[in-house]
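J.: This is model-v5.tsv (TSV, C-alpha atoms and all ligand atoms).
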```tsv
chain	number	residue	atom	x	y	z
A	1	MET	CA	-36.88	-28.80	54.67
A	2	GLN	CA	-37.60	-30.31	51.33
A	3	THR	CA	-37.76	-26.85	49.72
A	4	ARG	CA	-34.48	-25.78	51.36
A	5	THR	CA	-32.69	-28.85	50.04
A	6	VAL	CA	-33.99	-28.25	46.56
A	7	CYS	CA	-33.05	-24.59	46.84
A	8	GLY	CA	-29.59	-25.57	48.06
A	9	ALA	CA	-29.10	-28.02	45.21
A	10	VAL	CA	-30.23	-25.41	42.70
A	11	LEU	CA	-27.88	-22.85	44.22
A	12	VAL	CA	-24.94	-25.27	44.14
A	13	GLY	CA	-25.86	-26.13	40.57
A	14	VAL	CA	-26.09	-22.50	39.51
A	15	GLY	CA	-22.92	-21.73	41.45
A	16	GLY	CA	-21.14	-24.56	39.63
A	17	VAL	CA	-22.24	-23.32	36.23
A	18	VAL	CA	-21.35	-19.70	37.02
A	19	GLY	CA	-18.07	-20.80	38.59
A	20	GLY	CA	-17.26	-23.01	35.66
A	21	TRP	CA	-18.15	-20.26	33.20
A	22	TRP	CA	-16.07	-17.75	35.14
A	23	LEU	CA	-13.12	-20.14	35.32
A	24	CYS	CA	-13.37	-20.79	31.61
A	25	GLY	CA	-13.41	-17.08	30.88
A	26	TRP	CA	-10.48	-16.49	33.21
A	27	LEU	CA	-8.47	-19.31	31.67
A	28	ARG	CA	-9.24	-18.07	28.17
A	29	GLU	CA	-8.14	-14.59	29.11
A	30	GLN	CA	-4.90	-15.89	30.63
A	31	TRP	CA	-4.25	-17.95	27.51
A	32	GLN	CA	-4.89	-15.00	25.24
A	33	ARG	CA	-2.76	-12.76	27.39
A	34	GLY	CA	0.05	-15.33	27.29
A	35	ARG	CA	-0.36	-15.70	23.56
A	36	ARG	CA	-0.25	-11.96	23.11
A	37	ALA	CA	2.85	-11.70	25.29
A	38	ARG	CA	4.54	-14.54	23.41
A	39	SER	CA	3.71	-13.15	20.00
A	40	LYS	CA	5.01	-9.79	21.15
A	41	ASP	CA	8.35	-11.42	21.90
A	42	THR	CA	8.65	-13.48	18.76
A	43	GLY	CA	6.25	-11.92	16.24
A	44	ALA	CA	7.39	-10.13	13.15
A	45	TRP	CA	5.17	-7.22	14.00
A	46	GLY	CA	6.70	-6.41	17.38
A	47	ASP	CA	5.00	-3.40	18.88
A	48	LEU	CA	2.35	-3.41	16.14
A	49	GLU	CA	1.48	-7.10	16.67
A	50	MET	CA	-1.98	-6.16	17.89
A	51	LEU	CA	-2.91	-4.80	14.45
A	52	LYS	CA	-3.09	-8.33	13.08
A	53	PRO	CA	-6.63	-9.70	12.74
A	54	ASP	CA	-5.91	-12.70	15.00
A	55	SER	CA	-4.14	-10.73	17.75
A	56	GLY	CA	-7.12	-10.88	20.11
A	57	ALA	CA	-6.71	-7.16	20.81
A	58	SER	CA	-9.90	-5.19	21.33
A	59	LYS	CA	-10.82	-2.06	19.38
A	60	ASP	CA	-10.09	0.01	22.49
A	61	GLU	CA	-6.65	-1.50	22.92
A	62	VAL	CA	-5.76	-0.71	19.31
A	63	ALA	CA	-7.10	2.85	19.68
A	64	GLU	CA	-5.08	3.30	22.84
A	65	ARG	CA	-1.92	2.07	21.11
A	66	TYR	CA	-2.45	4.57	18.31
A	67	ALA	CA	-3.08	7.37	20.77
A	68	ARG	CA	0.28	6.60	22.35
A	69	LEU	CA	2.06	6.55	19.00
A	70	ARG	CA	0.44	9.79	17.97
A	71	LEU	CA	2.20	13.06	18.63
A	72	GLN	CA	0.58	16.44	18.38
A	73	HIS	CA	2.21	18.79	15.94
A	74	GLY	CA	1.31	22.21	17.29
A	75	ASP	CA	-2.42	22.70	16.86
A	76	ASN	CA	-2.43	20.39	13.90
A	77	THR	CA	-4.66	17.39	14.52
A	78	ILE	CA	-3.00	15.40	11.74
A	79	CYS	CA	-0.26	13.64	13.56
A	80	THR	CA	3.40	13.16	12.93
A	81	LEU	CA	5.79	10.87	14.72
A	82	SER	CA	9.22	11.86	15.88
A	83	ARG	CA	12.08	10.01	14.22
A	84	GLN	CA	13.08	8.50	17.56
A	85	VAL	CA	9.59	7.03	18.03
A	86	LEU	CA	9.61	5.72	14.46
A	87	THR	CA	12.99	4.10	14.88
A	88	SER	CA	12.05	2.49	18.18
A	89	VAL	CA	8.74	1.12	16.88
A	90	LEU	CA	9.94	0.01	13.45
A	91	GLY	CA	13.60	-0.77	13.93
A	92	TYR	CA	14.60	1.77	11.27
A	93	ASP	CA	13.66	5.27	10.19
A	94	PRO	CA	11.53	5.09	7.00
A	95	SER	CA	11.56	8.90	6.75
A	96	ASP	CA	15.37	9.15	6.57
A	97	GLN	CA	16.03	11.07	3.35
A	98	GLU	CA	19.59	9.74	3.28
A	99	SER	CA	18.50	6.09	3.36
A	100	PRO	CA	19.79	4.03	0.40
A	101	VAL	CA	16.31	3.60	-1.09
A	102	LEU	CA	15.31	7.27	-0.90
A	103	GLN	CA	18.72	8.25	-2.27
A	104	ALA	CA	18.24	5.86	-5.18
A	105	PHE	CA	14.72	7.21	-5.71
A	106	ARG	CA	15.80	10.87	-5.66
A	107	PRO	CA	16.47	11.24	-9.43
A	108	LEU	CA	12.86	10.18	-10.08
A	109	LYS	CA	11.44	12.46	-7.43
A	110	THR	CA	13.30	15.51	-8.70
A	111	GLY	CA	13.24	14.59	-12.40
A	112	THR	CA	9.54	13.81	-12.71
A	113	HIS	CA	7.19	16.23	-14.43
A	114	CYS	CA	4.75	15.72	-11.58
A	115	SER	CA	4.77	18.88	-9.48
A	116	PHE	CA	3.02	17.01	-6.70
A	117	ALA	CA	5.77	14.37	-6.41
A	118	LYS	CA	8.53	16.94	-5.99
A	119	ARG	CA	6.94	18.23	-2.77
A	120	ALA	CA	5.68	14.88	-1.51
A	121	VAL	CA	6.74	13.44	1.83
A	122	VAL	CA	7.89	9.92	1.05
A	123	TRP	CA	8.77	7.02	3.32
A	124	ALA	CA	10.79	4.05	2.14
A	125	CYS	CA	11.25	0.37	2.84
A	126	HIS	CA	14.20	-0.86	4.89
A	127	GLY	CA	17.49	-0.50	2.99
A	128	SER	CA	18.06	-4.27	3.06
A	129	PHE	CA	14.54	-5.12	1.92
A	130	SER	CA	14.59	-7.47	-1.04
A	131	LEU	CA	11.93	-9.23	-3.05
A	132	GLU	CA	14.08	-12.36	-2.88
A	133	THR	CA	13.55	-12.71	0.86
A	134	ILE	CA	9.77	-12.56	0.96
A	135	SER	CA	7.62	-15.57	0.42
A	136	THR	CA	3.91	-15.60	-0.24
A	137	GLY	CA	1.83	-16.47	2.79
A	138	ALA	CA	4.70	-16.99	5.16
A	139	CYS	CA	6.75	-14.56	7.13
A	140	GLY	CA	10.37	-14.94	8.03
A	141	ILE	CA	11.66	-17.63	5.70
A	142	ALA	CA	15.03	-16.05	5.25
A	143	ASP	CA	17.53	-15.62	8.01
A	144	GLY	CA	19.03	-12.86	10.11
A	145	ASP	CA	19.15	-9.34	8.75
A	146	ASP	CA	16.93	-10.10	5.76
A	147	VAL	CA	14.05	-11.15	7.99
A	148	ASP	CA	14.50	-8.04	10.09
A	149	ALA	CA	14.43	-5.86	6.99
A	150	VAL	CA	11.31	-7.53	5.62
A	151	ASP	CA	9.48	-7.42	8.94
A	152	ALA	CA	10.50	-3.83	9.61
A	153	THR	CA	9.21	-2.83	6.16
A	154	LEU	CA	5.90	-4.55	6.82
A	155	ARG	CA	5.51	-2.72	10.13
A	156	ALA	CA	6.38	0.60	8.49
A	157	MET	CA	3.86	-0.03	5.72
A	158	ALA	CA	1.16	-0.84	8.30
A	159	LEU	CA	1.93	2.28	10.28
A	160	PHE	CA	1.98	4.40	7.13
A	161	ALA	CA	-1.33	2.89	5.99
A	162	SER	CA	-3.39	2.77	9.11
A	163	ALA	CA	-2.62	6.02	10.88
A	164	CYS	CA	-3.38	9.40	9.44
A	165	HIS	CA	0.12	10.78	9.17
A	166	LYS	CA	0.94	13.37	6.58
A	167	ILE	CA	2.94	10.92	4.51
A	168	ASP	CA	2.15	11.19	0.82
A	169	ALA	CA	3.76	8.00	-0.36
A	170	PHE	CA	5.67	4.88	0.56
A	171	VAL	CA	8.31	3.53	-1.79
A	172	ILE	CA	9.59	-0.04	-1.95
A	173	ALA	CA	12.58	-0.98	-4.06
A	174	LEU	CA	12.20	-3.84	-6.54
A	175	PRO	CA	14.80	-5.71	-8.62
A	176	PRO	CA	15.86	-3.67	-11.70
A	177	ALA	CA	13.80	-5.52	-14.31
A	178	SER	CA	15.04	-5.11	-17.88
A	179	THR	CA	11.81	-6.32	-19.48
A	180	ILE	CA	8.25	-5.23	-18.79
A	181	GLN	CA	7.19	-8.83	-18.14
A	182	GLU	CA	9.88	-9.34	-15.52
A	183	HIS	CA	8.83	-6.07	-13.91
A	184	GLY	CA	5.15	-7.04	-13.95
A	185	SER	CA	5.96	-10.36	-12.28
A	186	ASN	CA	7.95	-8.59	-9.57
A	187	VAL	CA	5.04	-6.22	-8.93
A	188	ARG	CA	2.64	-9.14	-8.66
A	189	ARG	CA	4.92	-10.99	-6.20
A	190	LEU	CA	5.29	-7.97	-3.97
A	191	LEU	CA	1.60	-7.02	-3.97
A	192	THR	CA	0.51	-10.62	-3.40
A	193	TRP	CA	2.83	-10.86	-0.44
A	194	LEU	CA	1.57	-7.58	1.03
A	195	SER	CA	-2.01	-8.69	0.46
A	196	ASP	CA	-1.32	-11.98	2.26
A	197	MET	CA	0.17	-10.06	5.17
A	198	ASP	CA	-2.60	-7.42	5.21
A	199	PRO	CA	-3.50	-6.81	8.88
A	200	SER	CA	-7.09	-6.05	7.88
A	201	GLY	CA	-7.41	-9.53	6.37
A	202	ARG	CA	-9.01	-8.13	3.21
A	203	ARG	CA	-6.47	-9.73	0.88
A	204	CYS	CA	-7.25	-7.59	-2.14
A	205	MET	CA	-5.02	-9.60	-4.48
A	206	ALA	CA	-7.30	-12.60	-4.07
A	207	LYS	CA	-10.07	-10.57	-5.73
A	208	SER	CA	-10.56	-9.82	-9.45
A	209	VAL	CA	-7.69	-7.43	-10.02
A	210	ASP	CA	-8.72	-6.49	-13.57
A	211	LYS	CA	-12.16	-5.16	-12.61
A	212	SER	CA	-12.87	-1.44	-12.46
A	213	ARG	CA	-13.87	-1.56	-8.79
A	214	TRP	CA	-10.60	-3.20	-7.71
A	215	VAL	CA	-8.24	-1.08	-5.68
A	216	PHE	CA	-5.15	-2.05	-3.74
A	217	THR	CA	-5.84	-1.96	-0.01
A	218	PHE	CA	-3.60	-2.54	2.96
A	219	ALA	CA	-4.41	-2.08	6.64
A	220	GLY	CA	-7.81	-0.65	5.72
A	221	ASN	CA	-6.44	2.09	3.49
A	222	GLU	CA	-6.74	2.39	-0.31
A	223	PHE	CA	-3.74	3.16	-2.45
A	224	PHE	CA	-3.02	4.51	-5.89
A	225	ILE	CA	-0.07	2.52	-7.19
A	226	THR	CA	2.55	3.52	-9.71
A	227	THR	CA	5.69	1.58	-10.57
A	228	PHE	CA	8.93	2.50	-12.27
A	229	ALA	CA	11.63	0.32	-13.83
A	230	PRO	CA	14.75	0.67	-15.98
A	231	CYS	CA	12.88	-0.91	-18.91
A	232	TYR	CA	10.69	2.19	-19.40
A	233	PRO	CA	11.99	4.49	-22.17
A	234	ARG	CA	12.33	8.25	-21.88
A	235	GLN	CA	8.94	8.83	-23.55
A	236	SER	CA	7.19	6.92	-20.75
A	237	SER	CA	5.78	8.64	-17.66
A	238	ARG	CA	7.46	5.79	-15.72
A	239	TYR	CA	10.96	6.64	-16.98
A	240	GLN	CA	13.60	6.45	-14.22
A	241	PHE	CA	15.87	9.33	-15.25
A	242	GLY	CA	18.91	7.12	-15.57
A	243	VAL	CA	18.48	4.99	-12.44
A	244	ARG	CA	19.48	1.50	-13.61
A	245	ASP	CA	20.14	-0.55	-10.48
A	246	ALA	CA	16.64	-0.59	-8.98
A	247	ALA	CA	12.96	-0.47	-9.82
A	248	PHE	CA	10.35	1.09	-7.55
A	249	ILE	CA	6.77	0.73	-6.48
A	250	LEU	CA	5.07	3.78	-5.01
A	251	PHE	CA	1.99	3.60	-2.77
A	252	GLN	CA	-0.01	6.81	-2.52
A	253	PRO	CA	-3.00	6.84	-0.16
A	254	TYR	CA	-6.01	8.39	-1.88
A	255	HIS	CA	-6.46	10.74	1.09
A	256	SER	CA	-3.17	12.35	0.11
A	257	PHE	CA	-4.74	13.52	-3.18
A	258	LEU	CA	-7.61	15.07	-1.23
A	259	LEU	CA	-5.24	16.70	1.23
A	260	HIS	CA	-3.26	18.26	-1.63
A	261	ARG	CA	-6.41	19.36	-3.49
A	262	VAL	CA	-5.36	17.64	-6.67
A	263	GLY	CA	-8.84	18.06	-8.11
A	264	VAL	CA	-11.43	15.80	-9.67
A	265	GLU	CA	-10.65	13.27	-12.36
A	266	THR	CA	-11.61	14.71	-15.74
A	267	SER	CA	-12.09	12.69	-18.89
A	268	ARG	CA	-9.61	12.79	-21.76
A	269	SER	CA	-11.78	15.03	-23.94
A	270	GLU	CA	-12.49	17.40	-21.05
A	271	THR	CA	-8.82	17.84	-20.16
A	272	ASN	CA	-7.66	21.26	-21.25
A	273	TYR	CA	-3.96	20.77	-21.97
A	274	THR	CA	-3.22	24.44	-22.61
A	275	HIS	CA	-5.17	25.86	-19.67
A	276	PRO	CA	-5.33	23.05	-17.08
A	277	ALA	CA	-8.32	23.38	-14.77
A	278	ASN	CA	-6.70	21.84	-11.69
A	279	VAL	CA	-3.50	20.24	-10.37
A	280	ARG	CA	-4.45	16.85	-11.80
A	281	ASP	CA	-4.87	18.26	-15.30
A	282	GLU	CA	-1.73	20.33	-14.94
A	283	ILE	CA	0.27	17.17	-14.18
A	284	ARG	CA	-1.19	15.52	-17.30
A	285	ALA	CA	-0.31	18.57	-19.37
A	286	ARG	CA	3.27	18.73	-18.06
A	287	PHE	CA	3.94	15.07	-18.89
A	288	ALA	CA	2.48	15.61	-22.36
A	289	ARG	CA	4.57	18.77	-22.93
A	290	HIS	CA	7.73	16.84	-22.01
A	291	GLY	CA	6.99	14.13	-24.55
A	292	SER	CA	5.95	11.48	-22.03
A	293	PRO	CA	2.15	11.62	-21.99
A	294	TYR	CA	0.28	8.91	-20.13
A	295	PHE	CA	-3.05	7.33	-20.93
A	296	VAL	CA	-6.06	9.33	-19.79
A	297	PRO	CA	-9.33	7.41	-19.99
A	298	GLU	CA	-12.50	8.88	-21.44
A	299	ASP	CA	-14.47	7.44	-18.54
A	300	PRO	CA	-12.11	7.39	-15.52
A	301	ALA	CA	-14.57	5.46	-13.34
A	302	ARG	CA	-14.58	2.52	-15.75
A	303	MET	CA	-10.84	2.12	-16.24
A	304	PRO	CA	-9.48	-0.67	-14.02
A	305	ASN	CA	-6.80	0.59	-11.60
A	306	CYS	CA	-4.55	-2.36	-12.43
A	307	HIS	CA	-3.53	-0.67	-15.70
A	308	GLN	CA	-2.18	2.28	-13.78
A	309	ALA	CA	-0.04	0.12	-11.49
A	310	VAL	CA	2.01	-1.31	-14.35
A	311	SER	CA	1.91	1.03	-17.32
A	312	PRO	CA	2.53	-0.19	-20.88
A	313	LEU	CA	6.07	0.66	-22.08
A	314	THR	CA	4.68	3.54	-24.14
A	315	LEU	CA	1.25	4.95	-24.90
A	316	HIS	CA	0.96	2.69	-27.97
A	317	ALA	CA	2.45	-0.48	-26.47
A	318	PRO	CA	0.30	-3.45	-25.36
A	319	ALA	CA	-1.29	-3.40	-21.91
A	320	VAL	CA	0.48	-5.48	-19.27
A	321	ARG	CA	-1.52	-8.24	-17.56
A	322	TRP	CA	0.81	-8.30	-14.56
A	323	TRP	CA	-1.70	-9.87	-12.14
A	324	LEU	CA	-1.55	-13.15	-14.10
A	325	ASP	CA	1.11	-15.81	-13.75
A	326	THR	CA	4.14	-15.12	-16.02
A	327	CYS	CA	2.72	-11.66	-16.81
A	328	PRO	CA	1.39	-12.03	-20.38
A	329	LEU	CA	1.05	-8.95	-22.54
A	330	SER	CA	-2.36	-7.99	-23.81
A	331	ARG	CA	-3.01	-8.05	-27.56
A	332	HIS	CA	-4.34	-4.53	-27.21
A	333	THR	CA	-3.27	-1.08	-26.17
A	334	LEU	CA	-5.12	0.74	-23.38
A	335	GLN	CA	-6.96	2.83	-25.96
A	336	GLN	CA	-8.18	-0.33	-27.72
A	337	LEU	CA	-9.16	-1.97	-24.43
A	338	GLU	CA	-11.17	1.11	-23.55
A	339	VAL	CA	-13.11	0.84	-26.81
A	340	MET	CA	-13.71	-2.84	-26.00
A	341	GLY	CA	-15.15	-1.91	-22.58
A	342	TRP	CA	-11.98	-3.09	-20.79
A	343	LYS	CA	-12.62	-6.72	-21.66
A	344	GLU	CA	-9.79	-8.73	-23.11
A	345	GLU	CA	-11.21	-10.53	-26.12
A	346	GLY	CA	-10.10	-13.00	-28.75
B	401	LIG	C1	-8.86	25.77	-22.76
B	401	LIG	O1	-9.18	26.82	-21.92
B	401	LIG	C2	-8.99	28.11	-22.51
B	401	LIG	C3	-9.25	29.17	-21.44
B	401	LIG	O2	-10.41	28.89	-20.72
B	401	LIG	C4	-9.91	28.25	-23.73
B	401	LIG	O3	-9.71	29.50	-24.33
B	401	LIG	C5	-9.61	27.14	-24.70
B	401	LIG	O4	-10.51	27.18	-25.79
B	401	LIG	C6	-9.70	25.78	-24.01
B	401	LIG	N1	-9.25	24.76	-24.93
B	401	LIG	C7	-9.93	23.64	-25.12
B	401	LIG	C8	-9.33	22.67	-26.11
B	401	LIG	O5	-10.97	23.36	-24.54
```
Could you express the structure from this file as structure tokens?
Ligand SMILES: *[C@@H]1O[C@H](CO)[C@@H](O)[C@H](O)[C@H]1NC(C)=O
T.:
Amino acid sequence: MQTRTVCGAVLVGVGGVVGGWWLCGWLREQWQRGRRARSKDTGAWGDLEMLKPDSGASKDEVAERYARLRLQHGDNTICTLSRQVLTSVLGYDPSDQESPVLQAFRPLKTGTHCSFAKRAVVWACHGSFSLETISTGACGIADGDDVDAVDATLRAMALFASACHKIDAFVIALPPASTIQEHGSNVRRLLTWLSDMDPSGRRCMAKSVDKSRWVFTFAGNEFFITTFAPCYPRQSSRYQFGVRDAAFILFQPYHSFLLHRVGVETSRSETNYTHPANVRDEIRARFARHGSPYFVPEDPARMPNCHQAVSPLTLHAPAVRWWLDTCPLSRHTLQQLEVMGWKEEG
């Protein structure tokens, strides 16, 4: 009798704990589900909302979403999306070659001495995207169409970055800076915003940008960044071939270089400008032949990537410290900084 009562009490106790635990779990799940549904309605990310670090989506759910977005292209395992799917997911078609941004970018793409760029598949930001309508750390501060354009661009960038499509680059239009400092500041604002909105939560712009190990990352992918602006003269590799009403920032995933077999990075003294050893050297040689050589480091692994993002106006102009507030110019050229071990001194 006594034992049965004790057993009963223990059972009720255990039942209560299990029941309570189960109820808690169920409630939490309902809350998360509701939150997910709500954010799906109102969130800037729409269909890609679950990519955000706080979405509560599991790894399997994200994988399943990607599987649904992925379309086979014949036997090719590297996926492509149809334009209809792109438009429905993003709200615009970033691959549209007739879009205002890609039309504005065309003179650069065809005029450049980079053989790789001419063939590259490039996506672009929304035609109404503007640096004026983004704000660091917050999404959707502007109204109406501007918000839609900014959010759509962010979704396109995330899709471009996190899925293995055969897209070589993503271009975002920037205001047409007439000075290198203005341009550098614009680049910093855009990259800081992207870094704040990074679905992976890595926030690369909060790290030491001027260190050799720094690389721009977004949605778990690493990018080589180049920027162009009307302030660059003809003898710069960032010259815009007459485009005066916009500047551009180009994101190239490093896997794209591998895919195109661009070749290993050779040092300046090893680069054979008359008989280039690979595509990478050939690009260097072509720019040099056309009177717009760019800086090639002697030890490529040591050169901080930040100096490639915003190039000095010419080979002999001061380096641009664009990651700092107000974008000060260095007292040194890239060649001098290299001799100094890439440390700004004095
Ligand atoms: C470049 O390569 C060619 C052919 O291999 C060679 O004859 C030439 O000496 C090389 N030039 C330099 C500067 O290394």
J.: Quick check, in Å to one decimal: how far apart do CA of Val279 (chain A) and CA of Gln97 (chain A) lie?
T.: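 The value is 25.6 Å.
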J.: Go through the chains and note each residue within 12 Å of ligand LIG 401 (chain B), using all atoms listed in the file, then give the set as an MDAnalysis selection string.
T.: chainID A and resid 268:278 281:282 285
J.: Next, write the just-selected residues to a file, as an mmCIF file, in the frame of the given file, keeping C-alpha atoms as the atom set.
T.:
```cif
data_model
loop_
_atom_site.group_PDB
_atom_site.id
_atom_site.type_symbol
_atom_site.label_atom_id
_atom_site.label_comp_id
_atom_site.auth_asym_id
_atom_site.auth_seq_id
_atom_site.Cartn_x
_atom_site.Cartn_y
_atom_site.Cartn_z
ATOM 1 C CA ARG A 268 -9.610 12.790 -21.760
ATOM 2 C CA SER A 269 -11.780 15.030 -23.940
ATOM 3 C CA GLU A 270 -12.490 17.400 -21.050
ATOM 4 C CA THR A 271 -8.820 17.840 -20.160
ATOM 5 C CA ASN A 272 -7.660 21.260 -21.250
ATOM 6 C CA TYR A 273 -3.960 20.770 -21.970
ATOM 7 C CA THR A 274 -3.220 24.440 -22.610
ATOM 8 C CA HIS A 275 -5.170 25.860 -19.670
ATOM 9 C CA PRO A 276 -5.330 23.050 -17.080
ATOM 10 C CA ALA A 277 -8.320 23.380 -14.770
ATOM 11 C CA ASN A 278 -6.700 21.840 -11.690
ATOM 12 C CA ASP A 281 -4.870 18.260 -15.300
ATOM 13 C CA GLU A 282 -1.730 20.330 -14.940
ATOM 14 C CA ALA A 285 -0.310 18.570 -19.370
#
```
J.: If you measure from CA of Cys231 (chain A) to CA of Thr314 (chain A), what distance in Å do you get, rounded to one decimal?
T.: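 CA of Cys231 (chain A) sits 10.7 Å away from CA of Thr314 (chain A).
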J.: Go through A:Ala206, A:Val320, A:Ala158, A:Ala152 and flag the residue nearest Phe129 (chain A), using all atoms listed in the file for the distances.
T.: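 Among A:Ala206, A:Val320, A:Ala158, A:Ala152, it is A:Ala152 that comes nearest to Phe129 (chain A).
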J.: For a quick check of understanding, using all atoms listed in the file, which of A:Ala161, A:Ile167, A:Met205, A:Leu174 has the smallest distance to Phe223 (chain A)?
T.: A:Ala161
J.: For a quick check of understanding, using all atoms listed in the file, which of A:Thr326, A:Gln335, A:Thr153, A:Thr266 has the smallest distance to Phe295 (chain A)?
T.: A:Gln335
J.: What lies within 9 Å of Phe105 (chain A) using all atoms listed in the file, ignoring chain neighbours under 2 positions off, as a short mmCIF file (atom, residue, chain, number, x, y, z; two decimals) with C-alpha atoms, keeping the file's coordinate frame?
T.:
```cif
data_model
loop_
_atom_site.label_atom_id
_atom_site.label_comp_id
_atom_site.auth_asym_id
_atom_site.auth_seq_id
_atom_site.Cartn_x
_atom_site.Cartn_y
_atom_site.Cartn_z
CA PRO A 100 19.79 4.03 0.40
CA VAL A 101 16.31 3.60 -1.09
CA LEU A 102 15.31 7.27 -0.90
CA GLN A 103 18.72 8.25 -2.27
CA PRO A 107 16.47 11.24 -9.43
CA LEU A 108 12.86 10.18 -10.08
CA LYS A 109 11.44 12.46 -7.43
CA THR A 110 13.30 15.51 -8.70
CA VAL A 171 8.31 3.53 -1.79
CA ALA A 173 12.58 -0.98 -4.06
CA GLN A 240 13.60 6.45 -14.22
CA VAL A 243 18.48 4.99 -12.44
CA ALA A 246 16.64 -0.59 -8.98
CA ALA A 247 12.96 -0.47 -9.82
CA PHE A 248 10.35 1.09 -7.55
#
```
J.: CA of Asn221 (chain A) and CA of Gly184 (chain A) are how many Å apart?
T.: 22.8 Å
J.: Given the point (-7.5, -2.8, -13.4) in the file's coordinates, find the residues that have an atom at most 6 Å from it, counting all atoms listed in the file, and give them as a ChimeraX atom specification.
T.: /A:209-212,304-307
J.: Calculated over all atoms listed in the file, which of the candidates A:Gly341, A:Trp214, A:Glu222, A:Ser185 has the smallest distance to Arg321 (chain A)?
T.: A:Ser185
J.: Looking at only C-alpha atoms, which of A:Glu345, A:Glu338, A:Asp168, A:Asp60 is the one that sits closest to Phe251 (chain A)?
T.: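 Smallest separation from Phe251 (chain A) among the options: A:Asp168.
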J.: Which is closest to Ser55 (chain A) among A:Leu329, A:Arg213, A:Leu159, A:Pro199, if we use all atoms listed in the file?
T.: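 Using all atoms listed in the file, the shortest distance to Ser55 (chain A) belongs to A:Pro199.
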J.: Grab all the atoms of region 185-190 of chain A that the file lists, wrap them in a box along x, y and z, add 4 Å per side, and give me centre plus edge lengths in Å (one decimal) as lines of an AutoDock Vina configuration file.
T.:
```
center_x = 5.3
center_y = -8.6
center_z = -8.1
size_x = 13.3
size_y = 12.8
size_z = 16.3
```
